[in-house]
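Undergrad: Could you have a look at this structure, given as structure tokens, before my questions?
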Amino acid sequence: MADKAISELIAAEQIKAADLFVLEQDSAAKKLTGQILLNWLTAAADGHGGISSIVKQSTSGLTDTYRITMADTTTFDFPVKNGRSITEVSKISTSGLVDTYRITYNDSTNSTFTITNGAKGDKGDNAYVWIRYAAQEPTAASHNFGVLPDNWMGVYSGNSATAPTDWTKYQWFEIKGEKGDIGNPALLTSQSVTYQASTSGNVIPSGNWQGSIPTVAQGAYLWTRIAMTFNSGTPIYAYSVSRMGIDGTGAVSTVCGVAPNSSGNVNLSASDVGALAASGGEVTGDINMSGVIDMGGRRITSLSDPSANDDAVNKLYVDTALNGVKTVSVSATLTVAGWTGGAPYVQSVTITGLTDAKKAMAYPVYGSDTPANVALKEACGMVSFASRSGSTLTFTCLEDKPTVDIPITVEVYV
């Protein structure tokens with residue numbers, strides 16, 4: 001019952017002699033049995049015609065005041081003090097590893113207590129893997145090994161920052177087997193040549209192959225199959241294909257508008273085929289090329305700006321485009337005093353020239369001092385990630401924050 005107020009308890013319907021009560025009397029908490037209370041109520045009611053009611057009159061803090069009214073309207077007031085219960089437990093502050101909590105009671109009083117958390121453990125050792133090779137399985141008597149691949153491979157996994165020189169530190173595996181026996185030589189036991197006509201020059205025909213050349217229609221294809229059988233028993237096939245020509249009688253009346261001469265030949269000039277003459281000239285219309293144009297070290301002039309992806313471009317167009325693609329390097333420093341907040345810690349820097357449309361890459365700047373470089377590497381390991389907005393880069397440390405300045409270079413490019 002100590003965790004509830006009297007007002008929260010189930011009401012008793014009667015008082016029994018064995019009941020036990022707690023009350024405040026003369027500024028002291030005392031116990032009261034049901035029998036004593038019954039005796040007192042009987043004595044108090046004696047001569048007053050009995051008790052007509054018992055009603056709570058008021059509450060002050062944990063103390064309730066009740067009034068007994070007799071049949072003759074005589075009244076007696078008595079106080080009842082409730083127990084104190086907890087209404088809330090909450091953390092109110094943190095200092096280092098120590099958290100402070102507050103307990104609030106239903107009488108508006110409170111008390112505090114502290115809890116000391118465990119300290120962060122030491123960082124673990126680095127793990128390394130080293131690979132070495134040997135011509136034969138290393139033994140106590142012979143265990144030469146090196147870095148060049150060989151018949152046996154040794155693998156070390158542990159905390160050594162340098163490759164161990166003790167062969168027993170490695171686990172050895174044979175990675176190159178013994179040389180196999182020489183196989184039987186391949187011998188050609190038979191061969192044959194067969195033919196088949198087809199309307200396709202790309203798909204091997206599936207019909208019957210015959211030993212003599214068949215009649216092939218104009219424009220159709222003649223397939224030749226060479227079958228070679230070796231002592232392995234499995235034949236090997238090789239194919240060739242040729243196209244039957246079309247009779248050219250009466251096929252040509254003009255070429256580029258020029259008719260054949262009395263000998264049946266068509267004499268064409270450069271202008272007839274839309275090409276430039278050897279001594280210069282002008283071509284009107286489009287020229288479709290199917291070969292390479294060798295300019296012989298000369299220039300092509302008066303090119304317009306391109307409109308399609310595969311158009312040629314002029315020098316001015318290229319120079320203008322390249323001027324818009326520049327990489328700018330900006331230096332900044334993440335200072336020790338610049339970190340704000342607490343786990344996570346944040347620090348922002350403004351990068352000149354950086355916009356949402358441009359790309360950026362940030363990296364630390366190391367010097368020649370090895371201890372300083374080691375401290376800088378440790379500090380960089382505390383930075384969890386970076387985010388960007390406009391010209392601002394914001395770096396975040398989720399746990400610890402660096403204890404040394406971190407100089408950085410940010411490259412901004414399109």
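Starting from 1 in every chain, residues are counted up; chains themselves are A, B, ... following the order of the structure tokens, and ligands are numbered from 1 as listed.
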When DSSP works through the backbone of this structure, what residues of segment 86-274 of chain A end up as strand (DSSP E or B), shown as a ChimeraX atom specification?
TA: /A:86-95,98-105,110-116,128-134,146,152-158,171-174,188-198,210,221-230,235-243,255,258
Undergrad: Suppose we keep C-alpha atoms; can you now write the selection as an mmCIF file, in the first residue's frame?
TA:
```cif
data_model
loop_
_atom_site.group_PDB
_atom_site.id
_atom_site.type_symbol
_atom_site.label_atom_id
_atom_site.label_comp_id
_atom_site.auth_asym_id
_atom_site.auth_seq_id
_atom_site.Cartn_x
_atom_site.Cartn_y
_atom_site.Cartn_z
ATOM 1 C CA ILE A 86 6.562 8.203 -6.336
ATOM 2 C CA THR A 87 4.990 10.003 -9.324
ATOM 3 C CA GLU A 88 8.044 10.317 -11.656
ATOM 4 C CA VAL A 89 11.697 9.272 -12.100
ATOM 5 C CA SER A 90 13.626 11.221 -14.792
ATOM 6 C CA LYS A 91 17.248 11.971 -15.800
ATOM 7 C CA ILE A 92 18.006 15.670 -15.320
ATOM 8 C CA SER A 93 21.726 16.023 -16.222
ATOM 9 C CA THR A 94 24.904 14.311 -17.435
ATOM 10 C CA SER A 95 28.477 15.141 -16.463
ATOM 11 C CA VAL A 98 27.799 10.398 -14.365
ATOM 12 C CA ASP A 99 24.016 10.683 -14.958
ATOM 13 C CA THR A 100 21.833 12.420 -12.308
ATOM 14 C CA TYR A 101 18.190 11.321 -11.808
ATOM 15 C CA ARG A 102 15.345 13.022 -9.867
ATOM 16 C CA ILE A 103 12.567 11.188 -7.947
ATOM 17 C CA THR A 104 9.358 13.253 -7.604
ATOM 18 C CA TYR A 105 6.793 12.304 -4.883
ATOM 19 C CA ASN A 110 11.828 15.255 -4.553
ATOM 20 C CA SER A 111 15.225 13.638 -4.110
ATOM 21 C CA THR A 112 18.117 12.886 -6.489
ATOM 22 C CA PHE A 113 20.576 10.040 -7.061
ATOM 23 C CA THR A 114 23.493 9.456 -9.500
ATOM 24 C CA ILE A 115 24.570 6.557 -11.720
ATOM 25 C CA THR A 116 28.149 6.266 -13.003
ATOM 26 C CA TYR A 128 46.900 -7.706 -40.851
ATOM 27 C CA VAL A 129 47.067 -10.417 -43.524
ATOM 28 C CA TRP A 130 50.399 -11.315 -45.169
ATOM 29 C CA ILE A 131 50.916 -13.677 -48.155
ATOM 30 C CA ARG A 132 54.221 -15.426 -48.915
ATOM 31 C CA TYR A 133 55.275 -18.185 -51.376
ATOM 32 C CA ALA A 134 57.689 -21.131 -51.361
ATOM 33 C CA GLY A 146 59.455 -14.938 -50.573
ATOM 34 C CA TRP A 152 53.160 -23.190 -52.098
ATOM 35 C CA MET A 153 51.319 -20.192 -50.598
ATOM 36 C CA GLY A 154 51.530 -19.176 -46.924
ATOM 37 C CA VAL A 155 48.855 -17.005 -45.250
ATOM 38 C CA TYR A 156 49.420 -15.047 -42.017
ATOM 39 C CA SER A 157 46.510 -13.400 -40.165
ATOM 40 C CA GLY A 158 47.292 -11.485 -36.982
ATOM 41 C CA GLN A 171 49.413 -21.525 -42.786
ATOM 42 C CA TRP A 172 50.747 -23.197 -45.959
ATOM 43 C CA PHE A 173 48.725 -24.432 -48.977
ATOM 44 C CA GLU A 174 49.892 -26.183 -52.145
ATOM 45 C CA LEU A 188 43.642 -36.968 -88.728
ATOM 46 C CA THR A 189 41.920 -40.237 -89.659
ATOM 47 C CA SER A 190 39.489 -39.003 -92.340
ATOM 48 C CA GLN A 191 38.065 -35.913 -94.045
ATOM 49 C CA SER A 192 35.260 -35.061 -96.459
ATOM 50 C CA VAL A 193 33.911 -32.043 -98.388
ATOM 51 C CA THR A 194 30.160 -31.617 -98.937
ATOM 52 C CA TYR A 195 27.950 -28.836 -100.347
ATOM 53 C CA GLN A 196 24.483 -27.349 -99.884
ATOM 54 C CA ALA A 197 22.555 -24.429 -101.436
ATOM 55 C CA SER A 198 20.784 -21.900 -99.180
ATOM 56 C CA GLN A 210 25.905 -33.732 -100.840
ATOM 57 C CA TYR A 221 24.415 -18.945 -101.492
ATOM 58 C CA LEU A 222 26.634 -22.005 -101.813
ATOM 59 C CA TRP A 223 27.773 -23.481 -98.500
ATOM 60 C CA THR A 224 30.846 -25.717 -98.293
ATOM 61 C CA ARG A 225 31.387 -28.000 -95.281
ATOM 62 C CA ILE A 226 34.708 -29.673 -94.510
ATOM 63 C CA ALA A 227 34.463 -32.543 -91.989
ATOM 64 C CA MET A 228 37.692 -33.673 -90.277
ATOM 65 C CA THR A 229 37.786 -36.719 -88.008
ATOM 66 C CA PHE A 230 40.721 -37.297 -85.628
ATOM 67 C CA PRO A 235 34.542 -34.839 -86.071
ATOM 68 C CA ILE A 236 35.310 -31.124 -86.483
ATOM 69 C CA TYR A 237 33.413 -29.063 -89.080
ATOM 70 C CA ALA A 238 34.585 -25.959 -90.961
ATOM 71 C CA TYR A 239 32.282 -23.920 -93.194
ATOM 72 C CA SER A 240 32.697 -21.405 -96.026
ATOM 73 C CA VAL A 241 29.986 -19.585 -97.971
ATOM 74 C CA SER A 242 29.867 -17.776 -101.318
ATOM 75 C CA ARG A 243 27.104 -15.927 -103.162
ATOM 76 C CA VAL A 255 25.222 5.749 -113.894
ATOM 77 C CA VAL A 258 25.723 9.127 -117.679
#
```
Undergrad: Can you pull out the residues contacting segment 375-381 of chain A? Cut-off 8 Å, using only C-alpha atoms, and skip same-chain residues under 6 positions away; I want them as a list in words.
TA: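 Once the nearby chain positions are removed, what remains is Pro364, Tyr366, Lys401, Pro402, Thr403, Val404, Asp405 and Ile406 of chain A.
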Undergrad: Interatomic distance between atom CA of Ala127 of chain A and atom CA of Ser160 of chain A?
TA: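 These atoms are spaced 7.5 Å apart.
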Undergrad: Using only C-alpha atoms, which residues sit within 9 Å of Ala17 of chain A once same-chain residues fewer than 2 positions away are excluded, as a ChimeraX atom specification?
TA: /A:15,19-20,33-38
Undergrad: Skip segment 217-220 of chain A itself and residues of its chain fewer than 3 positions away, then list as a PyMOL selection string all residues within 6 Å of it, counting only C-alpha atoms.
TA: chain A and resi 199+243-246
Undergrad: Atoms to include: C-alpha atoms. Write the selected residues as a JSON list (two decimals), in the first residue's frame.
TA:
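Once everything was written out, this is again_0.json:
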```
[["chain", "number", "residue", "atom", "x", "y", "z"],
["A", 199, "THR", "CA", 18.99, -18.55, -99.34],
["A", 243, "ARG", "CA", 27.10, -15.93, -103.16],
["A", 244, "MET", "CA", 26.07, -16.75, -106.72],
["A", 245, "GLY", "CA", 26.33, -13.64, -108.96],
["A", 246, "ILE", "CA", 23.41, -12.14, -110.90]]
```
Undergrad: For atom CA of Tyr413 of chain A and atom CA of Thr355 of chain A, determine how far apart the two atoms are, in Å to one decimal place.
TA: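 Atom-to-atom, atom CA of Tyr413 of chain A and atom CA of Thr355 of chain A are spaced 9.9 Å apart.
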Undergrad: Mind giving me the straight-line distance from atom CA of Asn267 of chain A to atom CA of Val292 of chain A in Å, one decimal?
TA: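 Computing it gives 24.1 Å between the two atoms.
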Undergrad: To test your reading of the structure, identify every residue in segment 130-274 of chain A that backbone DSSP assigns to helix (DSSP H, G or I), and report it as an MDAnalysis selection string.
TA: chainID A and resid 167:169 271:273
